[in-house]
$ cat target.cif   # mmCIF, C-alpha atoms
data_model
loop_
_atom_site.label_atom_id
_atom_site.label_comp_id
_atom_site.auth_asym_id
_atom_site.auth_seq_id
_atom_site.Cartn_x
_atom_site.Cartn_y
_atom_site.Cartn_z
CA MET K 1332 -7.44 200.18 164.51
CA ALA K 1333 -6.03 199.44 167.97
CA THR K 1334 -2.98 197.23 168.32
CA ASN K 1335 -2.38 194.67 171.08
CA LYS K 1336 1.39 194.73 170.67
CA THR K 1337 3.10 195.12 174.06
CA LEU K 1338 5.99 197.54 174.20
CA ILE K 1339 8.91 196.17 176.16
CA PRO K 1340 11.35 198.75 177.58
CA ALA K 1341 15.06 198.37 177.00
CA GLN K 1342 15.53 198.24 180.77
CA ALA K 1343 13.19 197.64 183.72
CA THR K 1344 12.99 200.67 186.05
CA HIS K 1345 12.96 199.97 189.80
CA PRO K 1346 10.89 202.33 192.04
CA GLY K 1347 14.10 203.07 193.94
CA VAL K 1348 14.92 205.47 191.09
CA LEU K 1349 11.95 207.63 192.11
CA ILE K 1350 13.12 207.70 195.74
CA LYS K 1351 16.51 208.91 194.55
CA ASP K 1352 14.88 211.59 192.38
CA GLU K 1353 12.75 212.78 195.30
CA LEU K 1354 15.83 213.02 197.54
CA GLU K 1355 17.69 215.07 194.93
CA ALA K 1356 14.72 217.36 194.41
CA THR K 1357 13.92 217.93 198.07
CA PRO K 1358 16.12 220.35 200.08
CA ASN K 1359 17.30 219.22 203.50
CA LEU K 1360 16.46 215.59 202.77
CA ASN K 1361 18.96 212.80 202.30
CA GLN K 1362 19.07 209.02 202.66
CA ARG K 1363 20.05 209.11 206.33
CA ILE K 1364 17.18 211.47 207.26
CA LEU K 1365 14.63 209.55 205.15
CA ALA K 1366 15.74 206.23 206.62
CA LYS K 1367 15.18 207.64 210.10
CA GLU K 1368 11.68 208.86 209.13
CA LEU K 1369 10.87 205.43 207.68
CA ASP K 1370 12.29 203.77 210.77
CA VAL K 1371 14.65 201.58 208.73
CA LYS K 1372 18.41 201.27 208.58
CA PRO K 1373 20.18 203.57 206.04
CA SER K 1374 21.71 200.45 204.44
CA PHE K 1375 18.22 198.98 203.98
CA LEU K 1376 16.98 202.14 202.25
CA ASN K 1377 20.14 202.28 200.14
CA GLU K 1378 19.47 198.76 198.85
CA ILE K 1379 15.95 199.81 197.79
CA ILE K 1380 17.32 202.88 196.00
CA LYS K 1381 19.88 200.71 194.19
CA GLY K 1382 17.14 198.25 193.13
CA LYS K 1383 18.45 195.43 195.31
CA ARG K 1384 15.29 195.27 197.44
CA PRO K 1385 11.63 195.59 196.46
CA VAL K 1386 9.23 198.23 197.71
CA THR K 1387 6.89 196.18 199.90
CA ALA K 1388 3.38 197.19 200.97
CA ASP K 1389 4.70 198.25 204.39
CA ILE K 1390 7.40 200.44 202.83
CA ALA K 1391 4.88 201.85 200.34
CA ILE K 1392 2.65 203.06 203.16
CA LEU K 1393 5.62 204.66 204.94
CA LEU K 1394 6.77 206.35 201.70
CA GLU K 1395 3.25 207.70 201.25
CA LYS K 1396 3.44 209.38 204.64
CA THR K 1397 6.97 210.75 204.24
CA LEU K 1398 7.09 211.72 200.54
CA GLY K 1399 3.38 212.32 199.89
CA ILE K 1400 3.26 209.80 197.00
CA SER K 1401 0.41 207.30 197.36
CA ALA K 1402 1.10 203.73 198.43
CA ASP K 1403 -0.92 202.51 195.43
CA TYR K 1404 1.48 204.31 193.08
CA TRP K 1405 4.51 202.71 194.76
CA MET K 1406 2.97 199.27 194.52
CA LYS K 1407 2.02 199.76 190.85
CA PHE K 1408 5.55 200.99 190.16
CA GLN K 1409 7.01 197.88 191.85
CA SER K 1410 4.57 195.59 190.04
CA GLN K 1411 5.40 197.13 186.64
CA TYR K 1412 9.10 196.69 187.41
CA GLU K 1413 8.59 192.98 188.09
CA ILE K 1414 6.53 192.57 184.91
CA ASP K 1415 9.07 194.44 182.78
CA LYS K 1416 11.90 192.39 184.26
CA ALA K 1417 10.07 189.16 183.46
CA ARG K 1418 9.32 190.29 179.92
CA LEU K 1419 12.93 191.30 179.35
CA LYS K 1420 14.04 187.90 180.55
CA GLU K 1421 11.60 186.23 178.16
CA LYS K 1422 12.76 188.53 175.35
CA ASN K 1423 16.39 187.65 175.97
CA ILE K 1424 15.59 183.95 176.04
CA LYS K 1425 13.77 184.32 172.72
CA LYS K 1426 16.67 186.33 171.33
CA LEU K 1427 19.14 183.62 172.29
CA LYS K 1428 16.87 180.98 170.76
CA ASN K 1429 16.66 183.01 167.53
CA ILE K 1430 20.45 183.30 167.41
CA GLU K 1431 20.70 179.52 167.73
CA LEU K 1432 18.13 179.06 164.94
CA TRP K 1433 19.94 181.58 162.74
CA ASN K 1434 23.22 179.73 163.15
CA ILE K 1435 21.49 176.60 161.85
CA ILE K 1436 19.85 178.51 159.00
CA LYS K 1437 23.22 179.80 157.80
CA GLU K 1438 24.36 176.22 157.24
CA TYR K 1439 21.53 175.58 154.77
CA VAL K 1440 20.72 179.01 153.32
CA PRO K 1441 22.89 181.45 151.29
CA VAL K 1442 22.12 184.35 153.63
CA LEU K 1443 24.28 186.91 151.82
CA TYR K 1444 22.45 186.24 148.55
CA PHE K 1445 19.06 186.83 150.15
CA LYS K 1446 20.35 189.99 151.85
CA LYS K 1447 21.82 191.31 148.59
CA HIS K 1448 18.46 190.92 146.87
CA ASN K 1449 16.50 192.47 149.77
CA TYR K 1450 14.71 189.37 151.03
CA LEU K 1451 16.33 189.83 154.45
CA GLN K 1452 16.51 193.01 156.57
CA ASN K 1453 19.25 192.31 159.15
CA ASP K 1454 16.70 191.67 161.89
CA ILE K 1455 16.99 188.07 163.08
CA GLU K 1456 13.35 187.61 164.09
CA SER K 1457 11.90 188.99 160.84
CA ASP K 1458 14.60 187.28 158.76
CA ILE K 1459 13.73 183.90 160.27
CA LYS K 1460 10.11 184.51 159.27
CA ALA K 1461 11.23 185.46 155.75
CA ILE K 1462 13.24 182.25 155.39
CA LYS K 1463 10.28 180.21 156.60
CA ASN K 1464 8.07 181.88 153.99
CA ILE K 1465 10.53 181.37 151.14
CA TYR K 1466 11.21 177.72 151.98
CA VAL K 1467 7.57 177.03 152.96
CA ILE K 1468 8.40 175.63 156.39
CA THR K 1469 7.08 176.16 159.91
CA THR K 1470 10.17 175.00 161.79
CA ILE K 1471 13.90 175.01 161.11
CA ASP K 1472 13.90 171.24 161.51
CA GLU K 1473 11.74 171.15 158.37
CA LEU K 1474 14.40 173.19 156.54
CA VAL K 1475 17.06 170.60 157.40
CA SER K 1476 14.76 167.75 156.44
CA SER K 1477 13.73 169.38 153.14
CA PHE K 1478 17.34 170.07 152.21
CA SER K 1479 18.32 166.45 152.78
CA LYS K 1480 15.27 165.21 150.89
CA GLU K 1481 15.37 167.49 147.87
CA LYS K 1482 19.02 168.27 147.17
CA PHE K 1483 19.01 165.71 144.36
CA ALA K 1484 15.29 165.76 143.63
CA TYR K 1485 15.22 168.17 140.67
CA TYR K 1486 18.41 167.37 138.80
CA ARG K 1487 21.01 164.73 138.17
CA LYS K 1488 24.43 165.43 139.61
CA SER K 1489 27.14 165.73 136.98
CA ASP K 1490 30.82 165.20 137.68
CA LYS K 1491 31.56 167.93 135.14
CA LEU K 1492 29.67 170.57 137.08
CA LYS K 1493 30.63 172.30 140.30
CA ILE K 1494 27.36 172.34 142.20
CA ASP K 1495 26.56 173.89 145.58
CA ASN K 1496 23.52 172.01 146.89
CA LYS K 1497 22.67 174.86 149.28
CA ASN K 1498 22.51 177.32 146.39
CA MET K 1499 20.54 174.97 144.17
CA PHE K 1500 18.02 174.44 146.95
CA ALA K 1501 17.78 178.18 147.59
CA TRP K 1502 17.28 179.02 143.91
CA SER K 1503 14.48 176.50 143.46
CA ALA K 1504 12.79 177.59 146.71
CA LEU K 1505 12.97 181.24 145.69
CA ALA K 1506 11.56 180.49 142.23
CA GLN K 1507 8.56 178.73 143.75
CA TYR K 1508 8.12 181.47 146.34
CA GLU K 1509 8.08 184.21 143.69
CA ALA K 1510 5.77 182.17 141.48
CA LYS K 1511 3.14 182.07 144.23
CA ASN K 1512 3.05 185.88 144.22
CA GLN K 1513 2.65 186.21 140.44
CA LYS K 1514 -0.84 186.56 138.93
CA THR K 1515 -1.62 185.36 135.38
CA ASN K 1516 -4.54 184.49 133.14
CA THR K 1517 -6.19 181.07 133.15
CA PHE K 1518 -4.05 178.37 131.57
CA ASN K 1519 -5.36 176.03 128.85
CA PHE K 1520 -3.29 173.27 127.26
CA ASP K 1521 -5.25 173.71 124.01
CA ASN K 1522 -3.59 177.12 123.50
CA ILE K 1523 0.04 175.94 123.64
CA ASN K 1524 0.50 175.65 119.86
CA GLN K 1525 -0.62 179.25 119.34
CA LEU K 1526 1.61 180.34 122.22
CA CYS K 1527 4.63 178.78 120.49
CA VAL K 1528 3.76 180.57 117.25
CA ASN K 1529 3.60 183.89 119.07
CA LEU K 1530 6.87 183.20 120.88
CA ASN K 1531 8.67 182.45 117.61
CA SER K 1532 7.57 185.82 116.27
CA ILE K 1533 9.06 187.50 119.34
CA PHE K 1534 12.30 185.50 119.00
CA TYR K 1535 12.53 186.45 115.33
CA GLU K 1536 12.10 190.16 116.03
CA ASN K 1537 14.39 190.02 119.09
CA SER K 1538 13.35 193.34 120.59
CA ARG K 1539 12.69 193.69 124.35
CA THR K 1540 12.64 189.90 124.21
CA PRO K 1541 12.54 188.85 127.91
CA GLU K 1542 9.89 191.45 128.70
CA ARG K 1543 7.70 190.47 125.73
CA VAL K 1544 8.13 186.74 126.36
CA LYS K 1545 7.06 187.15 129.97
CA SER K 1546 4.04 189.17 128.87
CA ILE K 1547 2.88 186.59 126.31
CA LEU K 1548 3.45 183.69 128.70
CA ASN K 1549 1.37 185.47 131.36
CA GLN K 1550 -1.29 186.16 128.76
CA PHE K 1551 -1.49 182.42 128.02
CA GLY K 1552 -1.54 181.54 131.74
CA ILE K 1553 2.09 180.56 132.33
CA LYS K 1554 4.04 182.27 135.09
CA MET K 1555 7.55 183.38 134.16
CA LEU K 1556 10.27 184.37 136.59
CA LEU K 1557 13.81 185.61 136.17
CA ILE K 1558 15.74 184.61 139.29
CA ASN K 1559 19.19 186.04 139.94
CA LYS K 1560 21.85 183.38 139.53
CA LEU K 1561 23.79 181.91 142.41
CA GLU K 1562 27.38 180.73 142.41
CA LYS K 1563 27.73 177.01 141.60
CA ALA K 1564 24.06 176.78 140.67
CA PRO K 1565 24.36 176.31 136.87
CA ILE K 1566 20.65 176.39 136.11
CA ASP K 1567 19.18 177.31 132.74
CA GLY K 1568 15.52 176.64 133.40
CA PHE K 1569 13.07 175.25 135.93
CA SER K 1570 9.48 174.20 135.22
CA PHE K 1571 6.88 173.31 137.83
CA TRP K 1572 3.24 173.80 138.75
CA SER K 1573 2.34 176.82 140.88
CA GLY K 1574 -1.23 176.84 142.13
CA LYS K 1575 -3.48 176.59 139.08
CA ASN K 1576 -0.77 177.62 136.62
CA PRO K 1577 2.45 176.16 135.23
CA ALA K 1578 5.56 178.23 135.87
CA ILE K 1579 8.92 178.68 134.18
CA ALA K 1580 11.92 180.16 136.00
CA LEU K 1581 15.20 181.12 134.33
CA THR K 1582 18.52 182.62 135.36
CA LEU K 1583 19.57 184.20 132.01
CA ARG K 1584 23.09 182.92 132.60
CA TYR K 1585 23.83 183.68 128.95
CA ASN K 1586 22.50 186.73 127.17
CA ARG K 1587 21.96 184.81 123.91
CA ILE K 1588 18.72 184.66 121.97
CA ASP K 1589 19.30 181.04 120.86
CA ASN K 1590 19.93 179.84 124.42
CA PHE K 1591 16.97 181.80 125.79
CA ALA K 1592 14.57 180.61 123.07
CA PHE K 1593 15.59 176.98 123.40
CA THR K 1594 15.29 177.07 127.20
CA ILE K 1595 11.80 178.60 127.03
CA MET K 1596 10.62 176.01 124.50
CA HIS K 1597 12.30 173.20 126.46
CA GLU K 1598 10.41 174.16 129.63
CA ILE K 1599 7.15 174.49 127.67
CA GLY K 1600 7.90 170.97 126.45
CA HIS K 1601 8.04 169.77 130.05
CA ILE K 1602 4.73 171.53 130.73
CA ASP K 1603 3.01 170.11 127.65
CA LEU K 1604 4.44 166.59 127.83
CA HIS K 1605 5.17 165.89 131.48
CA LEU K 1606 3.35 168.30 133.81
CA ARG K 1607 0.03 167.86 132.02
CA ASN K 1608 -0.84 164.75 134.02
CA ASP K 1609 1.53 165.12 136.97
CA ARG K 1610 1.41 168.41 138.82
CA GLU K 1611 3.78 167.25 141.54
CA ARG K 1612 6.80 166.86 139.26
CA LYS K 1613 9.45 169.54 138.86
CA PHE K 1614 12.11 169.77 136.16
CA MET K 1615 15.37 171.62 136.71
CA ASP K 1616 17.63 171.86 133.66
CA LEU K 1617 21.32 172.52 134.08
CA THR K 1618 23.63 174.32 131.68
CA LYS K 1619 25.75 171.27 130.89
CA LYS K 1620 23.81 168.05 130.56
CA GLN K 1621 24.97 164.48 130.49
CA ASN K 1622 23.21 161.15 130.35
CA LEU K 1623 19.88 162.78 129.48
CA ASP K 1624 16.87 160.74 130.52
CA GLN K 1625 13.72 160.19 128.53
CA PHE K 1626 12.02 163.34 129.86
CA GLU K 1627 14.93 165.62 128.94
CA ASN K 1628 15.28 164.08 125.50
CA GLU K 1629 11.59 164.54 124.89
CA ALA K 1630 11.74 168.20 126.01
CA ASP K 1631 14.81 168.78 123.78
CA ASN K 1632 13.07 167.30 120.75
CA TYR K 1633 9.96 169.33 121.53
CA ALA K 1634 11.97 172.56 121.63
CA GLN K 1635 13.79 171.77 118.37
CA GLU K 1636 10.52 171.04 116.56
CA LYS K 1637 8.78 174.18 117.87
CA LEU K 1638 11.70 176.44 116.96
CA ILE K 1639 12.51 174.84 113.58
CA PRO K 1640 9.87 172.40 112.28
CA LYS K 1641 11.16 169.11 110.84
CA ARG K 1642 10.05 169.92 107.29
CA ILE K 1643 12.07 173.16 107.29
CA TRP K 1644 15.13 171.52 108.83
CA GLN K 1645 14.99 168.61 106.37
CA ASP K 1646 14.65 171.03 103.46
CA ILE K 1647 17.77 172.86 104.65
CA LEU K 1648 19.71 169.59 104.89
CA ASN K 1649 18.56 168.45 101.46
CA ASN K 1650 18.99 171.65 99.49
CA TYR K 1651 21.22 174.24 101.16
CA LEU K 1652 24.40 172.56 102.40
CA PRO K 1653 27.09 173.69 102.89
CA LEU K 1654 25.81 176.64 104.88
CA ASN K 1655 27.39 180.05 105.44
CA ASP K 1656 26.25 183.29 107.06
CA ASP K 1657 24.51 184.59 103.94
CA LYS K 1658 22.56 181.36 103.43
CA ILE K 1659 21.64 181.16 107.12
CA ILE K 1660 20.35 184.75 107.17
CA ALA K 1661 18.40 184.24 103.94
CA LEU K 1662 16.81 181.01 105.19
CA ALA K 1663 16.07 182.60 108.58
CA ASN K 1664 14.27 185.52 106.96
CA LYS K 1665 12.40 183.21 104.61
CA HIS K 1666 11.00 181.12 107.46
CA LYS K 1667 10.79 183.96 110.02
CA ILE K 1668 13.31 182.27 112.31
CA ASN K 1669 15.93 184.27 114.15
CA PRO K 1670 19.25 183.57 112.37
CA ALA K 1671 21.01 182.97 115.71
CA ILE K 1672 18.50 180.22 116.49
CA LEU K 1673 19.12 178.60 113.13
CA LEU K 1674 22.88 178.93 113.63
CA GLY K 1675 22.56 177.39 117.11
CA ARG K 1676 20.76 174.34 115.64
CA ILE K 1677 23.49 173.95 113.02
CA CYS K 1678 26.23 174.09 115.67
CA TYR K 1679 24.37 171.55 117.76
CA GLU K 1680 23.82 169.11 114.89
CA MET K 1681 27.46 169.45 113.81
CA ASP K 1682 28.68 169.40 117.44
CA TYR K 1683 30.90 172.30 116.47
CA TYR K 1684 30.50 175.52 118.44
CA ALA K 1685 33.67 177.28 117.29
CA ILE K 1686 32.23 178.06 113.88
CA LYS K 1687 33.22 181.49 112.59
CA THR K 1688 30.21 183.73 112.06
CA LYS K 1689 29.14 187.36 112.03
CA ILE K 1690 25.60 186.55 113.09
CA ASN K 1691 24.68 188.43 116.25
CA LYS K 1692 23.54 186.04 119.00
CA LYS K 1693 22.91 188.74 121.61
CA MET K 1694 19.43 188.95 123.04
CA LYS K 1695 17.94 192.41 122.81
#

$ encode --input "target.cif" --output "structure tokens"
Amino acid sequence: MATNKTLIPAQATHPGVLIKDELEATPNLNQRILAKELDVKPSFLNEIIKGKRPVTADIAILLEKTLGISADYWMKFQSQYEIDKARLKEKNIKKLKNIELWNIIKEYVPVLYFKKHNYLQNDIESDIKAIKNIYVITTIDELVSSFSKEKFAYYRKSDKLKIDNKNMFAWSALAQYEAKNQKTNTFNFDNINQLCVNLNSIFYENSRTPERVKSILNQFGIKMLLINKLEKAPIDGFSFWSGKNPAIALTLRYNRIDNFAFTIMHEIGHIDLHLRNDRERKFMDLTKKQNLDQFENEADNYAQEKLIPKRIWQDILNNYLPLNDDKIIALANKHKINPAILLGRICYEMDYYAIKTKINKKMK
């Protein structure tokens, strides 16, 4: 297939270069002699050779007679030089404009992060296009506007957290960008209960857990993304609608099965309870939460119930206190709940996370 892309030389070549080449290649011919044959001053010819004067039609005809190179060729050479010079000027103007745009981009985008993870290629023009694709914008003005509009849109600012709004914005944009490229099955809200049952089996077994969870979520029509964490972007999970499917993005800030399981169920709670009738909403959940609103409380309660049903938890409270590692492991195996998840619920209810235990919380 033919391409219409125009190749622009690094430098425009003036036809005076060819005159110089002809002089060097022709014995007994120099600038003074050629100037005399052309009936022009040597200084005039020298300016043409140095590219300071154009080859006009009159000069082209004279060069045809003296050097045997057609006037048409000289005129085409001169014309191509003018075109190349104009294109180089346009290219340089565009390059300067791109540099100006890139300087603005760096104020709102963590460029080094995107370079590290191969979203940028150290070519300003292509990198600007990449940023526009990731942030879903057509102009850099839209980037500035979106940053100002959405820096507090997905989460509540906490005084206890060190948050970089640029990094938060980048992480959420990247999650949505990657979600668009992920293909899954058709999603059906009626299948969520069975999905949660299947997820609990995976959590209990805790083998190749992230990989298997992603596979089962995709099977049930939910996109799942693991996005590399950014400094001062303390995100656990992010739920939103992507095309015809809900999506869940995580950072895996902690390699713990209880944290991972709760975050997955929490985001499914947002999907089931809050995104069902509002596909424009997005929920970003931070590692440390304070002043939880109704939506977050509802998602927390949803996750607790799906991981450990109320009847099981109440039975534990009524019949098995005080708890120790042996009791926790026995109860976990009885109900097919990962012991680390049960331990995590106990720590949460007791608000005591320094409890001594030999139970392995690591996600495998």

$ closest_residue --input "target.cif" --among "K:Ile1494, K:Leu1548, K:Leu1338, K:Ala1671" --to "Arg1418 (chain K)" --atoms "all atoms listed in the file"
K:Leu1338

$ resolve_selection --input "target.cif" --expression "the PyMOL selection byres ((chain K and resi 1638-1644) around 8)" --output "JSON, numbers by chain"
{"K": [1531, 1592, 1593, 1596, 1634, 1635, 1636, 1637, 1645, 1646, 1647, 1648, 1668, 1672, 1673]}

$ resolve_selection --input "target.cif" --expression "the PyMOL selection byres ((chain K and resi 1409) around 12)" --output "count of residues only"
30

$ resolve_selection --input "target.cif" --expression "the PyMOL selection byres ((chain K and resi 1565) around 8)" --output "PyMOL selection string"
chain K and resi 1492+1494+1560-1564+1566-1567+1584+1617-1619

$ atom_distance --input "target.cif" --atom1 "CA of Leu1443 (chain K)" --atom2 "CA of Ala1461 (chain K)"
13.7 Å

$ atom_distance --input "target.cif" --atom1 "CA of Met1555 (chain K)" --atom2 "CA of Ile1579 (chain K)"
4.9 Å

$ atom_distance --input "target.cif" --atom1 "CA of Lys1420 (chain K)" --atom2 "CA of Asp1454 (chain K)"
19.2 Å

$ residues_around --input "target.cif" --residues "region 1679-1694 of chain K" --least-positions-apart "4" --cutoff "8 Å" --atoms "only C-alpha atoms" --output "list in words"
Asn1537, Ser1538, Thr1540, Asn1586, Arg1587, Ile1588, Asp1589, Asp1656, Pro1670, Ala1671 and Gly1675 of chain K

$ residues_around --input "target.cif" --residues "Ile1602 (chain K)" --least-positions-apart "4" --cutoff "12 Å" --atoms "all atoms listed in the file" --output "mmCIF file with C-alpha atoms, keeping the file's coordinate frame"
data_model
loop_
_atom_site.group_PDB
_atom_site.id
_atom_site.type_symbol
_atom_site.label_atom_id
_atom_site.label_comp_id
_atom_site.auth_asym_id
_atom_site.auth_seq_id
_atom_site.Cartn_x
_atom_site.Cartn_y
_atom_site.Cartn_z
ATOM 1 C CA PHE K 1518 -4.050 178.370 131.570
ATOM 2 C CA ASN K 1519 -5.360 176.030 128.850
ATOM 3 C CA PHE K 1520 -3.290 173.270 127.260
ATOM 4 C CA ILE K 1523 0.040 175.940 123.640
ATOM 5 C CA GLY K 1552 -1.540 181.540 131.740
ATOM 6 C CA ILE K 1553 2.090 180.560 132.330
ATOM 7 C CA LYS K 1554 4.040 182.270 135.090
ATOM 8 C CA PHE K 1569 13.070 175.250 135.930
ATOM 9 C CA SER K 1570 9.480 174.200 135.220
ATOM 10 C CA PHE K 1571 6.880 173.310 137.830
ATOM 11 C CA TRP K 1572 3.240 173.800 138.750
ATOM 12 C CA SER K 1573 2.340 176.820 140.880
ATOM 13 C CA ASN K 1576 -0.770 177.620 136.620
ATOM 14 C CA PRO K 1577 2.450 176.160 135.230
ATOM 15 C CA ALA K 1578 5.560 178.230 135.870
ATOM 16 C CA ILE K 1579 8.920 178.680 134.180
ATOM 17 C CA ILE K 1595 11.800 178.600 127.030
ATOM 18 C CA MET K 1596 10.620 176.010 124.500
ATOM 19 C CA HIS K 1597 12.300 173.200 126.460
ATOM 20 C CA GLU K 1598 10.410 174.160 129.630
ATOM 21 C CA LEU K 1606 3.350 168.300 133.810
ATOM 22 C CA ARG K 1607 0.030 167.860 132.020
ATOM 23 C CA ASN K 1608 -0.840 164.750 134.020
ATOM 24 C CA ASP K 1609 1.530 165.120 136.970
ATOM 25 C CA ARG K 1610 1.410 168.410 138.820
ATOM 26 C CA GLU K 1611 3.780 167.250 141.540
ATOM 27 C CA ARG K 1612 6.800 166.860 139.260
ATOM 28 C CA LYS K 1613 9.450 169.540 138.860
ATOM 29 C CA PHE K 1614 12.110 169.770 136.160
ATOM 30 C CA PHE K 1626 12.020 163.340 129.860
ATOM 31 C CA GLU K 1627 14.930 165.620 128.940
ATOM 32 C CA GLU K 1629 11.590 164.540 124.890
ATOM 33 C CA ALA K 1630 11.740 168.200 126.010
ATOM 34 C CA TYR K 1633 9.960 169.330 121.530
ATOM 35 C CA ALA K 1634 11.970 172.560 121.630
#

$ closest_residue --input "target.cif" --among "K:Gln1507, K:Asn1434, K:Ser1477, K:Asn1429" --to "Ile1455 (chain K)" --atoms "only C-alpha atoms"
K:Asn1429

$ closest_residue --input "target.cif" --among "K:Pro1541, K:Pro1373, K:Pro1340, K:Gly1568" --to "Met1615 (chain K)" --atoms "only C-alpha atoms"
K:Gly1568

$ closest_residue --input "target.cif" --among "K:Asn1522, K:Ile1436, K:Ala1510, K:Asn1453" --to "Leu1474 (chain K)" --atoms "only C-alpha atoms"
K:Ile1436

$ decode --input "target.cif" --residues "region 1508-1519 of chain K" --atoms "N, CA, C and O atoms" --output "JSON list (two decimals), in the first residue's frame"
[["chain", "number", "residue", "atom", "x", "y", "z"],
["K", 1508, "TYR", "N", -7.77, 4.09, 30.57],
["K", 1508, "TYR", "CA", -7.18, 3.86, 29.25],
["K", 1508, "TYR", "C", -6.94, 2.37, 29.01],
["K", 1508, "TYR", "O", -7.29, 1.82, 27.95],
["K", 1509, "GLU", "N", -6.35, 1.69, 30.00],
["K", 1509, "GLU", "CA", -6.09, 0.26, 29.87],
["K", 1509, "GLU", "C", -7.38, -0.54, 29.82],
["K", 1509, "GLU", "O", -7.46, -1.57, 29.13],
["K", 1510, "ALA", "N", -8.38, -0.08, 30.56],
["K", 1510, "ALA", "CA", -9.66, -0.80, 30.58],
["K", 1510, "ALA", "C", -10.30, -0.82, 29.19],
["K", 1510, "ALA", "O", -10.90, -1.81, 28.78],
["K", 1511, "LYS", "N", -10.16, 0.29, 28.46],
["K", 1511, "LYS", "CA", -10.75, 0.35, 27.12],
["K", 1511, "LYS", "C", -10.16, -0.71, 26.20],
["K", 1511, "LYS", "O", -10.82, -1.18, 25.27],
["K", 1512, "ASN", "N", -8.92, -1.09, 26.45],
["K", 1512, "ASN", "CA", -8.23, -2.06, 25.58],
["K", 1512, "ASN", "C", -8.43, -3.50, 26.00],
["K", 1512, "ASN", "O", -7.92, -4.41, 25.36],
["K", 1513, "GLN", "N", -9.16, -3.71, 27.12],
["K", 1513, "GLN", "CA", -9.34, -5.08, 27.62],
["K", 1513, "GLN", "C", -10.69, -5.63, 27.16],
["K", 1513, "GLN", "O", -11.71, -4.97, 27.28],
["K", 1514, "LYS", "N", -10.69, -6.86, 26.66],
["K", 1514, "LYS", "CA", -11.90, -7.52, 26.18],
["K", 1514, "LYS", "C", -12.36, -8.54, 27.22],
["K", 1514, "LYS", "O", -11.55, -9.28, 27.78],
["K", 1515, "THR", "N", -13.68, -8.58, 27.48],
["K", 1515, "THR", "CA", -14.23, -9.54, 28.43],
["K", 1515, "THR", "C", -15.54, -10.09, 27.89],
["K", 1515, "THR", "O", -16.03, -9.67, 26.83],
["K", 1516, "ASN", "N", -16.12, -11.02, 28.65],
["K", 1516, "ASN", "CA", -17.43, -11.54, 28.30],
["K", 1516, "ASN", "C", -18.51, -10.51, 28.62],
["K", 1516, "ASN", "O", -18.26, -9.47, 29.21],
["K", 1517, "THR", "N", -19.74, -10.82, 28.25],
["K", 1517, "THR", "CA", -20.87, -9.95, 28.55],
["K", 1517, "THR", "C", -21.14, -9.97, 30.05],
["K", 1517, "THR", "O", -21.09, -11.02, 30.69],
["K", 1518, "PHE", "N", -21.43, -8.81, 30.60],
["K", 1518, "PHE", "CA", -21.69, -8.70, 32.03],
["K", 1518, "PHE", "C", -23.19, -8.78, 32.31],
["K", 1518, "PHE", "O", -24.00, -8.23, 31.57],
["K", 1519, "ASN", "N", -23.54, -9.47, 33.42],
["K", 1519, "ASN", "CA", -24.93, -9.60, 33.84],
["K", 1519, "ASN", "C", -24.99, -9.48, 35.37],
["K", 1519, "ASN", "O", -24.36, -10.27, 36.07]]
